[in-house]
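Next up, upload-v8.cif (mmCIF, N, CA and C atoms):
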```cif
data_data
loop_
_atom_site.label_atom_id
_atom_site.label_comp_id
_atom_site.auth_asym_id
_atom_site.auth_seq_id
_atom_site.Cartn_x
_atom_site.Cartn_y
_atom_site.Cartn_z
N MET U 1446 74.12 -69.73 -23.71
CA MET U 1446 73.27 -69.68 -22.55
C MET U 1446 74.11 -70.03 -21.32
N GLY U 1447 73.80 -69.40 -20.19
CA GLY U 1447 74.55 -69.64 -18.96
C GLY U 1447 74.28 -71.01 -18.40
N GLN U 1448 75.01 -71.34 -17.38
CA GLN U 1448 74.87 -72.64 -16.76
C GLN U 1448 74.43 -72.45 -15.33
N GLY U 1449 73.46 -73.27 -14.88
CA GLY U 1449 72.94 -73.16 -13.52
C GLY U 1449 73.85 -73.83 -12.52
N MET U 1450 73.47 -73.72 -11.26
CA MET U 1450 74.26 -74.30 -10.18
C MET U 1450 73.30 -74.92 -9.17
N VAL U 1451 73.65 -76.08 -8.67
CA VAL U 1451 72.89 -76.73 -7.63
C VAL U 1451 73.70 -76.63 -6.35
N VAL U 1452 73.07 -76.11 -5.28
CA VAL U 1452 73.74 -75.97 -4.00
C VAL U 1452 73.08 -76.95 -3.05
N GLY U 1453 73.85 -77.91 -2.54
CA GLY U 1453 73.29 -78.95 -1.69
C GLY U 1453 73.30 -78.61 -0.22
N ASP U 1454 73.97 -77.58 0.17
CA ASP U 1454 74.06 -77.18 1.56
C ASP U 1454 73.44 -75.80 1.69
N TRP U 1455 73.68 -75.13 2.78
CA TRP U 1455 73.13 -73.79 3.00
C TRP U 1455 73.64 -72.83 1.93
N ALA U 1456 72.78 -71.94 1.50
CA ALA U 1456 73.15 -70.90 0.54
C ALA U 1456 72.50 -69.59 0.98
N PRO U 1457 73.12 -68.46 0.65
CA PRO U 1457 72.54 -67.15 1.01
C PRO U 1457 71.35 -66.84 0.09
N GLN U 1458 70.21 -67.46 0.38
CA GLN U 1458 69.08 -67.44 -0.54
C GLN U 1458 68.60 -66.03 -0.86
N GLN U 1459 68.49 -65.15 0.11
CA GLN U 1459 68.01 -63.80 -0.17
C GLN U 1459 68.97 -63.06 -1.09
N GLY U 1460 70.27 -63.26 -0.90
CA GLY U 1460 71.25 -62.64 -1.79
C GLY U 1460 71.14 -63.17 -3.20
N ILE U 1461 70.92 -64.47 -3.32
CA ILE U 1461 70.77 -65.08 -4.65
C ILE U 1461 69.48 -64.59 -5.31
N LEU U 1462 68.39 -64.59 -4.56
CA LEU U 1462 67.12 -64.14 -5.12
C LEU U 1462 67.15 -62.67 -5.52
N GLY U 1463 67.94 -61.88 -4.83
CA GLY U 1463 68.04 -60.46 -5.13
C GLY U 1463 68.99 -60.13 -6.26
N HIS U 1464 69.72 -61.10 -6.75
CA HIS U 1464 70.69 -60.86 -7.82
C HIS U 1464 69.97 -60.68 -9.15
N LEU U 1465 70.44 -59.75 -9.96
CA LEU U 1465 69.77 -59.42 -11.22
C LEU U 1465 69.68 -60.57 -12.21
N VAL U 1466 70.59 -61.54 -12.14
CA VAL U 1466 70.57 -62.63 -13.12
C VAL U 1466 69.70 -63.81 -12.69
N THR U 1467 69.13 -63.75 -11.50
CA THR U 1467 68.28 -64.84 -11.04
C THR U 1467 66.94 -64.74 -11.75
N GLY U 1468 66.64 -65.74 -12.57
CA GLY U 1468 65.41 -65.72 -13.36
C GLY U 1468 64.27 -66.48 -12.74
N GLY U 1469 64.55 -67.32 -11.75
CA GLY U 1469 63.50 -68.10 -11.11
C GLY U 1469 64.09 -68.98 -10.03
N LEU U 1470 63.20 -69.55 -9.22
CA LEU U 1470 63.61 -70.43 -8.14
C LEU U 1470 62.83 -71.74 -8.28
N MET U 1471 63.54 -72.85 -8.32
CA MET U 1471 62.86 -74.14 -8.21
C MET U 1471 62.80 -74.47 -6.73
N SER U 1472 61.59 -74.68 -6.25
CA SER U 1472 61.40 -74.82 -4.81
C SER U 1472 60.43 -75.94 -4.47
N HIS U 1473 60.65 -76.53 -3.30
CA HIS U 1473 59.74 -77.51 -2.74
C HIS U 1473 58.48 -76.84 -2.18
N CYS U 1474 58.46 -75.53 -2.19
CA CYS U 1474 57.31 -74.73 -1.73
C CYS U 1474 57.16 -74.70 -0.22
N GLY U 1475 58.27 -74.75 0.48
CA GLY U 1475 58.22 -74.47 1.90
C GLY U 1475 57.85 -73.00 2.08
N TRP U 1476 57.33 -72.68 3.24
CA TRP U 1476 56.83 -71.34 3.48
C TRP U 1476 57.91 -70.27 3.30
N ASN U 1477 59.08 -70.47 3.91
CA ASN U 1477 60.13 -69.44 3.83
C ASN U 1477 60.61 -69.19 2.41
N PRO U 1478 60.96 -70.22 1.63
CA PRO U 1478 61.38 -69.94 0.26
C PRO U 1478 60.29 -69.24 -0.56
N CYS U 1479 59.04 -69.61 -0.33
CA CYS U 1479 57.95 -68.93 -1.05
C CYS U 1479 57.90 -67.45 -0.67
N MET U 1480 57.94 -67.17 0.63
CA MET U 1480 57.88 -65.77 1.07
C MET U 1480 59.07 -64.97 0.55
N GLU U 1481 60.27 -65.55 0.63
CA GLU U 1481 61.46 -64.84 0.16
C GLU U 1481 61.40 -64.59 -1.33
N SER U 1482 61.03 -65.59 -2.10
CA SER U 1482 60.97 -65.46 -3.55
C SER U 1482 59.91 -64.46 -3.97
N ILE U 1483 58.73 -64.55 -3.38
CA ILE U 1483 57.65 -63.63 -3.72
C ILE U 1483 58.05 -62.19 -3.37
N THR U 1484 58.64 -62.01 -2.20
CA THR U 1484 59.06 -60.67 -1.78
C THR U 1484 60.10 -60.08 -2.73
N MET U 1485 60.98 -60.93 -3.25
CA MET U 1485 62.03 -60.46 -4.16
C MET U 1485 61.54 -60.37 -5.60
N GLY U 1486 60.31 -60.78 -5.87
CA GLY U 1486 59.77 -60.70 -7.22
C GLY U 1486 60.31 -61.76 -8.15
N VAL U 1487 60.69 -62.90 -7.59
CA VAL U 1487 61.26 -63.99 -8.38
C VAL U 1487 60.21 -65.10 -8.54
N PRO U 1488 59.93 -65.50 -9.79
CA PRO U 1488 58.94 -66.56 -10.00
C PRO U 1488 59.44 -67.91 -9.49
N ILE U 1489 58.50 -68.81 -9.22
CA ILE U 1489 58.82 -70.09 -8.60
C ILE U 1489 58.39 -71.24 -9.48
N ALA U 1490 59.30 -72.16 -9.73
CA ALA U 1490 58.98 -73.45 -10.35
C ALA U 1490 58.73 -74.40 -9.17
N THR U 1491 57.50 -74.79 -8.97
CA THR U 1491 57.10 -75.49 -7.75
C THR U 1491 57.24 -77.00 -7.88
N TRP U 1492 57.72 -77.60 -6.78
CA TRP U 1492 57.90 -79.05 -6.70
C TRP U 1492 57.62 -79.47 -5.26
N PRO U 1493 56.34 -79.46 -4.86
CA PRO U 1493 56.01 -79.76 -3.46
C PRO U 1493 56.30 -81.22 -3.12
N MET U 1494 56.73 -81.42 -1.86
CA MET U 1494 57.11 -82.75 -1.39
C MET U 1494 56.16 -83.30 -0.33
N HIS U 1495 55.72 -82.46 0.63
CA HIS U 1495 54.89 -82.94 1.75
C HIS U 1495 54.35 -81.76 2.55
N SER U 1496 53.61 -82.08 3.60
CA SER U 1496 53.10 -81.13 4.59
C SER U 1496 52.28 -80.02 3.94
N ASP U 1497 52.65 -78.75 4.23
CA ASP U 1497 51.91 -77.61 3.70
C ASP U 1497 52.30 -77.26 2.27
N GLN U 1498 53.31 -77.93 1.74
CA GLN U 1498 53.85 -77.55 0.45
C GLN U 1498 52.85 -77.65 -0.70
N PRO U 1499 51.99 -78.66 -0.79
CA PRO U 1499 51.00 -78.67 -1.87
C PRO U 1499 50.07 -77.45 -1.82
N TRP U 1500 49.69 -77.03 -0.61
CA TRP U 1500 48.82 -75.85 -0.47
C TRP U 1500 49.57 -74.58 -0.86
N ASN U 1501 50.83 -74.48 -0.47
CA ASN U 1501 51.64 -73.33 -0.86
C ASN U 1501 51.79 -73.29 -2.38
N CYS U 1502 51.95 -74.47 -2.99
CA CYS U 1502 52.06 -74.57 -4.44
C CYS U 1502 50.80 -74.03 -5.11
N LEU U 1503 49.63 -74.41 -4.61
CA LEU U 1503 48.38 -73.89 -5.16
C LEU U 1503 48.29 -72.38 -5.03
N LEU U 1504 48.70 -71.87 -3.88
CA LEU U 1504 48.67 -70.43 -3.66
C LEU U 1504 49.58 -69.72 -4.67
N VAL U 1505 50.79 -70.24 -4.85
CA VAL U 1505 51.77 -69.63 -5.76
C VAL U 1505 51.32 -69.71 -7.21
N THR U 1506 50.78 -70.86 -7.62
CA THR U 1506 50.49 -71.07 -9.04
C THR U 1506 49.09 -70.66 -9.46
N LYS U 1507 48.09 -70.95 -8.64
CA LYS U 1507 46.70 -70.72 -9.04
C LYS U 1507 46.12 -69.40 -8.56
N ILE U 1508 46.54 -68.96 -7.39
CA ILE U 1508 45.96 -67.74 -6.82
C ILE U 1508 46.84 -66.53 -7.09
N LEU U 1509 48.10 -66.58 -6.68
CA LEU U 1509 49.00 -65.45 -6.91
C LEU U 1509 49.52 -65.41 -8.35
N LYS U 1510 49.57 -66.56 -8.99
CA LYS U 1510 50.02 -66.67 -10.38
C LYS U 1510 51.44 -66.14 -10.57
N VAL U 1511 52.32 -66.56 -9.63
CA VAL U 1511 53.74 -66.18 -9.70
C VAL U 1511 54.63 -67.40 -9.84
N GLY U 1512 54.05 -68.52 -10.25
CA GLY U 1512 54.83 -69.73 -10.40
C GLY U 1512 54.14 -70.74 -11.30
N LEU U 1513 54.87 -71.79 -11.62
CA LEU U 1513 54.31 -72.89 -12.40
C LEU U 1513 54.72 -74.20 -11.74
N VAL U 1514 53.99 -75.24 -12.09
CA VAL U 1514 54.19 -76.55 -11.47
C VAL U 1514 55.20 -77.35 -12.28
N VAL U 1515 56.22 -77.88 -11.60
CA VAL U 1515 57.18 -78.79 -12.23
C VAL U 1515 56.59 -80.19 -12.25
N ARG U 1516 56.06 -80.60 -11.11
CA ARG U 1516 55.44 -81.92 -10.99
C ARG U 1516 54.17 -81.80 -10.15
N GLU U 1517 53.08 -82.29 -10.69
CA GLU U 1517 51.80 -82.25 -9.98
C GLU U 1517 51.88 -83.10 -8.72
N TRP U 1518 51.23 -82.65 -7.66
CA TRP U 1518 51.22 -83.33 -6.39
C TRP U 1518 50.71 -84.76 -6.52
N GLU U 1519 49.74 -84.97 -7.40
CA GLU U 1519 49.16 -86.30 -7.58
C GLU U 1519 50.19 -87.30 -8.09
N HIS U 1520 51.28 -86.82 -8.67
CA HIS U 1520 52.33 -87.68 -9.22
C HIS U 1520 53.60 -87.66 -8.37
N ARG U 1521 53.44 -87.36 -7.09
CA ARG U 1521 54.59 -87.18 -6.20
C ARG U 1521 55.46 -88.42 -6.04
N GLU U 1522 54.91 -89.59 -6.27
CA GLU U 1522 55.67 -90.83 -6.12
C GLU U 1522 56.48 -91.17 -7.38
N GLU U 1523 56.23 -90.46 -8.47
CA GLU U 1523 56.91 -90.76 -9.73
C GLU U 1523 58.27 -90.07 -9.79
N LEU U 1524 59.18 -90.70 -10.47
CA LEU U 1524 60.50 -90.14 -10.70
C LEU U 1524 60.39 -88.92 -11.61
N VAL U 1525 61.09 -87.86 -11.27
CA VAL U 1525 61.12 -86.66 -12.10
C VAL U 1525 62.40 -86.71 -12.92
N THR U 1526 62.26 -86.64 -14.22
CA THR U 1526 63.42 -86.74 -15.11
C THR U 1526 64.01 -85.36 -15.36
N SER U 1527 65.23 -85.36 -15.85
CA SER U 1527 65.88 -84.09 -16.19
C SER U 1527 65.12 -83.38 -17.30
N SER U 1528 64.48 -84.13 -18.20
CA SER U 1528 63.72 -83.48 -19.27
C SER U 1528 62.48 -82.77 -18.71
N THR U 1529 61.89 -83.30 -17.64
CA THR U 1529 60.76 -82.63 -16.99
C THR U 1529 61.20 -81.31 -16.40
N ILE U 1530 62.36 -81.31 -15.76
CA ILE U 1530 62.89 -80.08 -15.17
C ILE U 1530 63.25 -79.08 -16.28
N GLU U 1531 63.84 -79.56 -17.34
CA GLU U 1531 64.20 -78.68 -18.47
C GLU U 1531 62.96 -78.06 -19.10
N LYS U 1532 61.88 -78.85 -19.26
CA LYS U 1532 60.64 -78.31 -19.82
C LYS U 1532 60.08 -77.20 -18.92
N ALA U 1533 60.12 -77.42 -17.61
CA ALA U 1533 59.64 -76.39 -16.69
C ALA U 1533 60.49 -75.14 -16.78
N ARG U 1534 61.80 -75.31 -16.89
CA ARG U 1534 62.69 -74.15 -17.02
C ARG U 1534 62.38 -73.38 -18.29
N ARG U 1535 62.20 -74.09 -19.38
CA ARG U 1535 61.87 -73.43 -20.66
C ARG U 1535 60.53 -72.71 -20.58
N ARG U 1536 59.53 -73.37 -19.97
CA ARG U 1536 58.22 -72.72 -19.82
C ARG U 1536 58.35 -71.43 -19.04
N LEU U 1537 59.12 -71.47 -17.95
CA LEU U 1537 59.25 -70.30 -17.09
C LEU U 1537 60.05 -69.18 -17.78
N MET U 1538 61.05 -69.55 -18.54
CA MET U 1538 61.98 -68.54 -19.06
C MET U 1538 61.72 -68.12 -20.51
N THR U 1539 61.00 -68.92 -21.30
CA THR U 1539 60.91 -68.59 -22.73
C THR U 1539 59.50 -68.60 -23.31
N SER U 1540 58.48 -68.88 -22.52
CA SER U 1540 57.13 -68.95 -23.07
C SER U 1540 56.31 -67.72 -22.69
N LYS U 1541 55.18 -67.53 -23.36
CA LYS U 1541 54.27 -66.45 -22.99
C LYS U 1541 53.77 -66.66 -21.57
N GLU U 1542 53.44 -67.90 -21.25
CA GLU U 1542 53.02 -68.22 -19.88
C GLU U 1542 54.09 -67.78 -18.88
N GLY U 1543 55.34 -68.11 -19.17
CA GLY U 1543 56.45 -67.71 -18.30
C GLY U 1543 56.60 -66.21 -18.21
N ASN U 1544 56.44 -65.52 -19.34
CA ASN U 1544 56.52 -64.06 -19.32
C ASN U 1544 55.45 -63.47 -18.41
N ASP U 1545 54.23 -64.00 -18.49
CA ASP U 1545 53.15 -63.52 -17.62
C ASP U 1545 53.46 -63.80 -16.15
N ILE U 1546 53.96 -64.98 -15.87
CA ILE U 1546 54.31 -65.35 -14.49
C ILE U 1546 55.42 -64.44 -13.96
N ARG U 1547 56.45 -64.21 -14.76
CA ARG U 1547 57.55 -63.35 -14.32
C ARG U 1547 57.07 -61.92 -14.09
N LYS U 1548 56.20 -61.44 -14.97
CA LYS U 1548 55.64 -60.09 -14.80
C LYS U 1548 54.83 -60.01 -13.51
N ASN U 1549 53.97 -61.01 -13.26
CA ASN U 1549 53.19 -61.04 -12.02
C ASN U 1549 54.09 -61.06 -10.80
N ALA U 1550 55.17 -61.85 -10.86
CA ALA U 1550 56.08 -61.96 -9.72
C ALA U 1550 56.74 -60.61 -9.43
N VAL U 1551 57.20 -59.94 -10.47
CA VAL U 1551 57.84 -58.63 -10.29
C VAL U 1551 56.85 -57.63 -9.72
N GLU U 1552 55.63 -57.59 -10.27
CA GLU U 1552 54.62 -56.65 -9.78
C GLU U 1552 54.28 -56.90 -8.31
N LEU U 1553 54.08 -58.17 -7.96
CA LEU U 1553 53.72 -58.49 -6.58
C LEU U 1553 54.89 -58.20 -5.65
N GLY U 1554 56.11 -58.57 -6.06
CA GLY U 1554 57.29 -58.27 -5.24
C GLY U 1554 57.46 -56.78 -5.01
N ASN U 1555 57.27 -55.98 -6.07
CA ASN U 1555 57.38 -54.51 -5.93
C ASN U 1555 56.33 -53.99 -4.96
N ALA U 1556 55.10 -54.48 -5.08
CA ALA U 1556 54.03 -54.03 -4.20
C ALA U 1556 54.31 -54.39 -2.74
N ILE U 1557 54.83 -55.59 -2.52
CA ILE U 1557 55.15 -56.01 -1.15
C ILE U 1557 56.27 -55.15 -0.58
N ARG U 1558 57.31 -54.93 -1.35
CA ARG U 1558 58.43 -54.11 -0.86
C ARG U 1558 57.99 -52.67 -0.60
N ARG U 1559 57.12 -52.13 -1.46
CA ARG U 1559 56.59 -50.78 -1.23
C ARG U 1559 55.80 -50.74 0.07
N SER U 1560 55.03 -51.80 0.33
CA SER U 1560 54.23 -51.81 1.55
C SER U 1560 55.10 -51.83 2.80
N MET U 1561 56.31 -52.36 2.68
CA MET U 1561 57.23 -52.40 3.82
C MET U 1561 58.04 -51.11 3.95
N ASP U 1562 58.12 -50.33 2.88
CA ASP U 1562 58.88 -49.07 2.92
C ASP U 1562 58.34 -48.10 3.94
N ASP U 1563 57.04 -48.13 4.16
CA ASP U 1563 56.41 -47.21 5.10
C ASP U 1563 56.37 -47.76 6.51
N GLY U 1564 57.20 -48.74 6.79
CA GLY U 1564 57.26 -49.29 8.13
C GLY U 1564 56.27 -50.42 8.35
N GLY U 1565 55.60 -50.84 7.29
CA GLY U 1565 54.65 -51.95 7.41
C GLY U 1565 55.37 -53.26 7.64
N LEU U 1566 54.68 -54.21 8.18
CA LEU U 1566 55.23 -55.53 8.41
C LEU U 1566 54.76 -56.47 7.31
N LEU U 1567 55.65 -57.36 6.90
CA LEU U 1567 55.29 -58.33 5.89
C LEU U 1567 54.55 -59.48 6.56
N ALA U 1568 53.34 -59.70 6.13
CA ALA U 1568 52.54 -60.82 6.62
C ALA U 1568 51.72 -61.34 5.46
N TRP U 1569 51.27 -62.55 5.54
CA TRP U 1569 50.49 -63.12 4.45
C TRP U 1569 49.26 -62.28 4.20
N SER U 1570 48.66 -61.75 5.25
CA SER U 1570 47.48 -60.91 5.04
C SER U 1570 47.84 -59.70 4.19
N SER U 1571 49.07 -59.19 4.34
CA SER U 1571 49.52 -58.07 3.51
C SER U 1571 49.62 -58.50 2.06
N ILE U 1572 50.17 -59.67 1.82
CA ILE U 1572 50.30 -60.16 0.46
C ILE U 1572 48.92 -60.33 -0.17
N LEU U 1573 48.02 -60.98 0.54
CA LEU U 1573 46.69 -61.22 -0.02
C LEU U 1573 45.95 -59.91 -0.24
N SER U 1574 46.16 -58.92 0.63
CA SER U 1574 45.47 -57.65 0.45
C SER U 1574 46.00 -56.88 -0.75
N LEU U 1575 47.18 -57.24 -1.25
CA LEU U 1575 47.73 -56.57 -2.43
C LEU U 1575 47.13 -57.07 -3.73
N LEU U 1576 46.32 -58.10 -3.66
CA LEU U 1576 45.72 -58.66 -4.87
C LEU U 1576 44.48 -57.87 -5.26
N VAL U 1577 44.69 -56.62 -5.61
CA VAL U 1577 43.57 -55.74 -5.89
C VAL U 1577 43.30 -55.57 -7.37
N LEU U 1578 44.12 -56.13 -8.22
CA LEU U 1578 43.88 -56.03 -9.65
C LEU U 1578 42.72 -56.93 -10.02
N PRO U 1579 41.76 -56.44 -10.82
CA PRO U 1579 40.57 -57.24 -11.13
C PRO U 1579 40.90 -58.61 -11.70
N ASP U 1580 41.93 -58.73 -12.50
CA ASP U 1580 42.22 -60.03 -13.10
C ASP U 1580 42.87 -60.99 -12.12
N ARG U 1581 43.20 -60.55 -10.94
CA ARG U 1581 43.78 -61.43 -9.93
C ARG U 1581 42.71 -62.00 -9.01
N PHE U 1582 41.54 -61.38 -8.98
CA PHE U 1582 40.48 -61.87 -8.11
C PHE U 1582 39.97 -63.21 -8.59
N ILE U 1583 39.68 -64.07 -7.65
CA ILE U 1583 38.99 -65.31 -7.99
C ILE U 1583 37.78 -65.39 -7.08
N SER U 1584 36.74 -66.01 -7.60
CA SER U 1584 35.52 -66.12 -6.82
C SER U 1584 35.69 -67.16 -5.72
N GLN U 1585 34.75 -67.17 -4.79
CA GLN U 1585 34.79 -68.16 -3.72
C GLN U 1585 34.70 -69.57 -4.30
N ASN U 1586 33.87 -69.75 -5.34
CA ASN U 1586 33.75 -71.07 -5.98
C ASN U 1586 35.06 -71.48 -6.62
N GLU U 1587 35.74 -70.54 -7.30
CA GLU U 1587 37.03 -70.86 -7.92
C GLU U 1587 38.04 -71.24 -6.86
N ALA U 1588 38.06 -70.50 -5.75
CA ALA U 1588 38.99 -70.81 -4.66
C ALA U 1588 38.73 -72.21 -4.12
N TYR U 1589 37.46 -72.54 -3.95
CA TYR U 1589 37.10 -73.88 -3.46
C TYR U 1589 37.58 -74.94 -4.44
N ASN U 1590 37.37 -74.71 -5.74
CA ASN U 1590 37.81 -75.67 -6.75
C ASN U 1590 39.32 -75.84 -6.76
N VAL U 1591 40.04 -74.76 -6.58
CA VAL U 1591 41.50 -74.81 -6.56
C VAL U 1591 41.99 -75.62 -5.37
N LEU U 1592 41.37 -75.39 -4.23
CA LEU U 1592 41.84 -76.01 -2.99
C LEU U 1592 41.26 -77.39 -2.72
N SER U 1593 40.34 -77.85 -3.55
CA SER U 1593 39.76 -79.17 -3.30
C SER U 1593 40.31 -80.22 -4.24
#
```

Here is a file; write its structure as C-alpha cells.
Amino acid sequence: MGQGMVVGDWAPQQGILGHLVTGGLMSHCGWNPCMESITMGVPIATWPMHSDQPWNCLLVTKILKVGLVVREWEHREELVTSSTIEKARRRLMTSKEGNDIRKNAVELGNAIRRSMDDGGLLAWSSILSLLVLPDRFISQNEAYNVLS
C-alpha cells in the first residue's frame, strides 16, 4: 500500500485533487476545500474545527453524501488519535459505505463540471440544483433534523 503525505504549508490543492491517485481529502471543511474537492469528484473525510465548518460538514456528509465524519463536532475538544484517522481512512477507502461515498462524489463532480462546460458558473445553487436523483432528496423535516 502507498504512503500518504502531510503538507504543512501551501500546496497546489486543485492539482492534487485532480490527480488520478488521490482517493480522498481530509479537510477541516472550510468552504474552498469543500468546493474544490466536490468539483473534482473527490470524497471528503471531514474534521470541522470552527465557524461555518460544522455546517459545511453536515452538507458534505448528510445532504450531498460525498464525505464521512472523522470526528463529530460534539467531540471537538477531544484529542484525535492516529487510530481514529486510520479508521476513517479505511472506512472511506475500503468499506461499502466508502464505495457509496466515492461513487456519489464522482457523480456529483462530473455533473458540476458538465454544468460548467456550457459556460455556466459554479455556485452553490448550481450544486444544490444538481441533486435531482430521487435518493438524494431529503424532506424538509429531515433537513431540519440534520441541521438542528

Using all atoms listed in the file, which protein or nucleic acid residues come within 6 Å of segment 1512-1527 of chain U? Drop anything in the same chain fewer than 4 positions from it, and give the result as a short mmCIF file (atom, residue, chain, number, x, y, z; two decimals) with N, CA and C atoms, keeping the file's coordinate frame.
```cif
data_model
loop_
_atom_site.label_atom_id
_atom_site.label_comp_id
_atom_site.auth_asym_id
_atom_site.auth_seq_id
_atom_site.Cartn_x
_atom_site.Cartn_y
_atom_site.Cartn_z
N PRO U 1488 59.93 -65.50 -9.79
CA PRO U 1488 58.94 -66.56 -10.00
C PRO U 1488 59.44 -67.91 -9.49
N ILE U 1489 58.50 -68.81 -9.22
CA ILE U 1489 58.82 -70.09 -8.60
C ILE U 1489 58.39 -71.24 -9.48
N ALA U 1490 59.30 -72.16 -9.73
CA ALA U 1490 58.98 -73.45 -10.35
C ALA U 1490 58.73 -74.40 -9.17
N THR U 1491 57.50 -74.79 -8.97
CA THR U 1491 57.10 -75.49 -7.75
C THR U 1491 57.24 -77.00 -7.88
N TRP U 1492 57.72 -77.60 -6.78
CA TRP U 1492 57.90 -79.05 -6.70
C TRP U 1492 57.62 -79.47 -5.26
N VAL U 1505 50.79 -70.24 -4.85
CA VAL U 1505 51.77 -69.63 -5.76
C VAL U 1505 51.32 -69.71 -7.21
N THR U 1506 50.78 -70.86 -7.62
CA THR U 1506 50.49 -71.07 -9.04
C THR U 1506 49.09 -70.66 -9.46
N GLU U 1531 63.84 -79.56 -17.34
CA GLU U 1531 64.20 -78.68 -18.47
C GLU U 1531 62.96 -78.06 -19.10
N LYS U 1532 61.88 -78.85 -19.26
CA LYS U 1532 60.64 -78.31 -19.82
C LYS U 1532 60.08 -77.20 -18.92
N ALA U 1533 60.12 -77.42 -17.61
CA ALA U 1533 59.64 -76.39 -16.69
C ALA U 1533 60.49 -75.14 -16.78
N ILE U 1546 53.96 -64.98 -15.87
CA ILE U 1546 54.31 -65.35 -14.49
C ILE U 1546 55.42 -64.44 -13.96
#
```

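The space separating atom CA of Asp1497 of chain U from atom CA of Gly1475 of chain U comes to 7.3 Å.
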
Between atom C of Asn1501 of chain U and atom CA of Gln1448 of chain U, measure the distance and give it in Å to one decimal.
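Atom-to-atom, atom C of Asn1501 of chain U and atom CA of Gln1448 of chain U are spaced 27.2 Å apart.
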
Return as JSON, numbers by chain the full set of residues in segment 1466-1522 of chain U whose backbone-based DSSP assignment is strand (DSSP E or B).
{"U": [1470, 1471, 1472, 1489, 1490, 1491, 1512, 1513, 1514]}

Can you spit out the residues from that selection as a PDB file, keeping the file's coordinate frame, using N, CA and C atoms?
```pdb
ATOM      1  N   LEU U1470      63.200 -69.550  -9.220  1.00  0.00           N
ATOM      2  CA  LEU U1470      63.610 -70.430  -8.140  1.00  0.00           C
ATOM      3  C   LEU U1470      62.830 -71.740  -8.280  1.00  0.00           C
ATOM      4  N   MET U1471      63.540 -72.850  -8.320  1.00  0.00           N
ATOM      5  CA  MET U1471      62.860 -74.140  -8.210  1.00  0.00           C
ATOM      6  C   MET U1471      62.800 -74.470  -6.730  1.00  0.00           C
ATOM      7  N   SER U1472      61.590 -74.680  -6.250  1.00  0.00           N
ATOM      8  CA  SER U1472      61.400 -74.820  -4.810  1.00  0.00           C
ATOM      9  C   SER U1472      60.430 -75.940  -4.470  1.00  0.00           C
ATOM     10  N   ILE U1489      58.500 -68.810  -9.220  1.00  0.00           N
ATOM     11  CA  ILE U1489      58.820 -70.090  -8.600  1.00  0.00           C
ATOM     12  C   ILE U1489      58.390 -71.240  -9.480  1.00  0.00           C
ATOM     13  N   ALA U1490      59.300 -72.160  -9.730  1.00  0.00           N
ATOM     14  CA  ALA U1490      58.980 -73.450 -10.350  1.00  0.00           C
ATOM     15  C   ALA U1490      58.730 -74.400  -9.170  1.00  0.00           C
ATOM     16  N   THR U1491      57.500 -74.790  -8.970  1.00  0.00           N
ATOM     17  CA  THR U1491      57.100 -75.490  -7.750  1.00  0.00           C
ATOM     18  C   THR U1491      57.240 -77.000  -7.880  1.00  0.00           C
ATOM     19  N   GLY U1512      54.050 -68.520 -10.250  1.00  0.00           N
ATOM     20  CA  GLY U1512      54.830 -69.730 -10.400  1.00  0.00           C
ATOM     21  C   GLY U1512      54.140 -70.740 -11.300  1.00  0.00           C
ATOM     22  N   LEU U1513      54.870 -71.790 -11.620  1.00  0.00           N
ATOM     23  CA  LEU U1513      54.310 -72.890 -12.400  1.00  0.00           C
ATOM     24  C   LEU U1513      54.720 -74.200 -11.740  1.00  0.00           C
ATOM     25  N   VAL U1514      53.990 -75.240 -12.090  1.00  0.00           N
ATOM     26  CA  VAL U1514      54.190 -76.550 -11.470  1.00  0.00           C
ATOM     27  C   VAL U1514      55.200 -77.350 -12.280  1.00  0.00           C
TER      28      VAL U1514
END
```

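Residues selected in this file by the PyMOL selection byres ((chain U and resi 1485) around 6.5) comprise Leu1462, Gly1463, Met1480, Glu1481, Ser1482, Ile1483, Thr1484, Gly1486, Val1487, Ala1550, Val1551, Gly1554 and Asn1555 of chain U.
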
Take atom CA of Cys1474 of chain U and atom CA of Met1561 of chain U and report the distance between them in Å, one decimal.
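Those two atoms sit 23.0 Å apart.
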
Can you list, as a PyMOL selection string, the residues that the PyMOL selection byres (((chain U and resi 1544 and name CA) around 12) and name CA) selects here?
chain U and resi 1468-1469+1487-1488+1510-1513+1535-1543+1545-1551

Put a box with edges along x, y and z around all the listed atoms of segment 1495-1513 of chain U, pad it by 4 Å on each side, then give me its centre and sizes in Å, one decimal, as AutoDock Vina command-line options.
```
--center_x 50.8 --center_y -74.2 --center_z -3.9 --size_x 17.8 --size_y 25.5 --size_z 25.0
```

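Restricting the calculation to only C-alpha atoms, the smallest distance between Val1451 of chain U and any of U:His1495, U:Val1466, U:Ser1472, U:Leu1504 is found for U:Ser1472.
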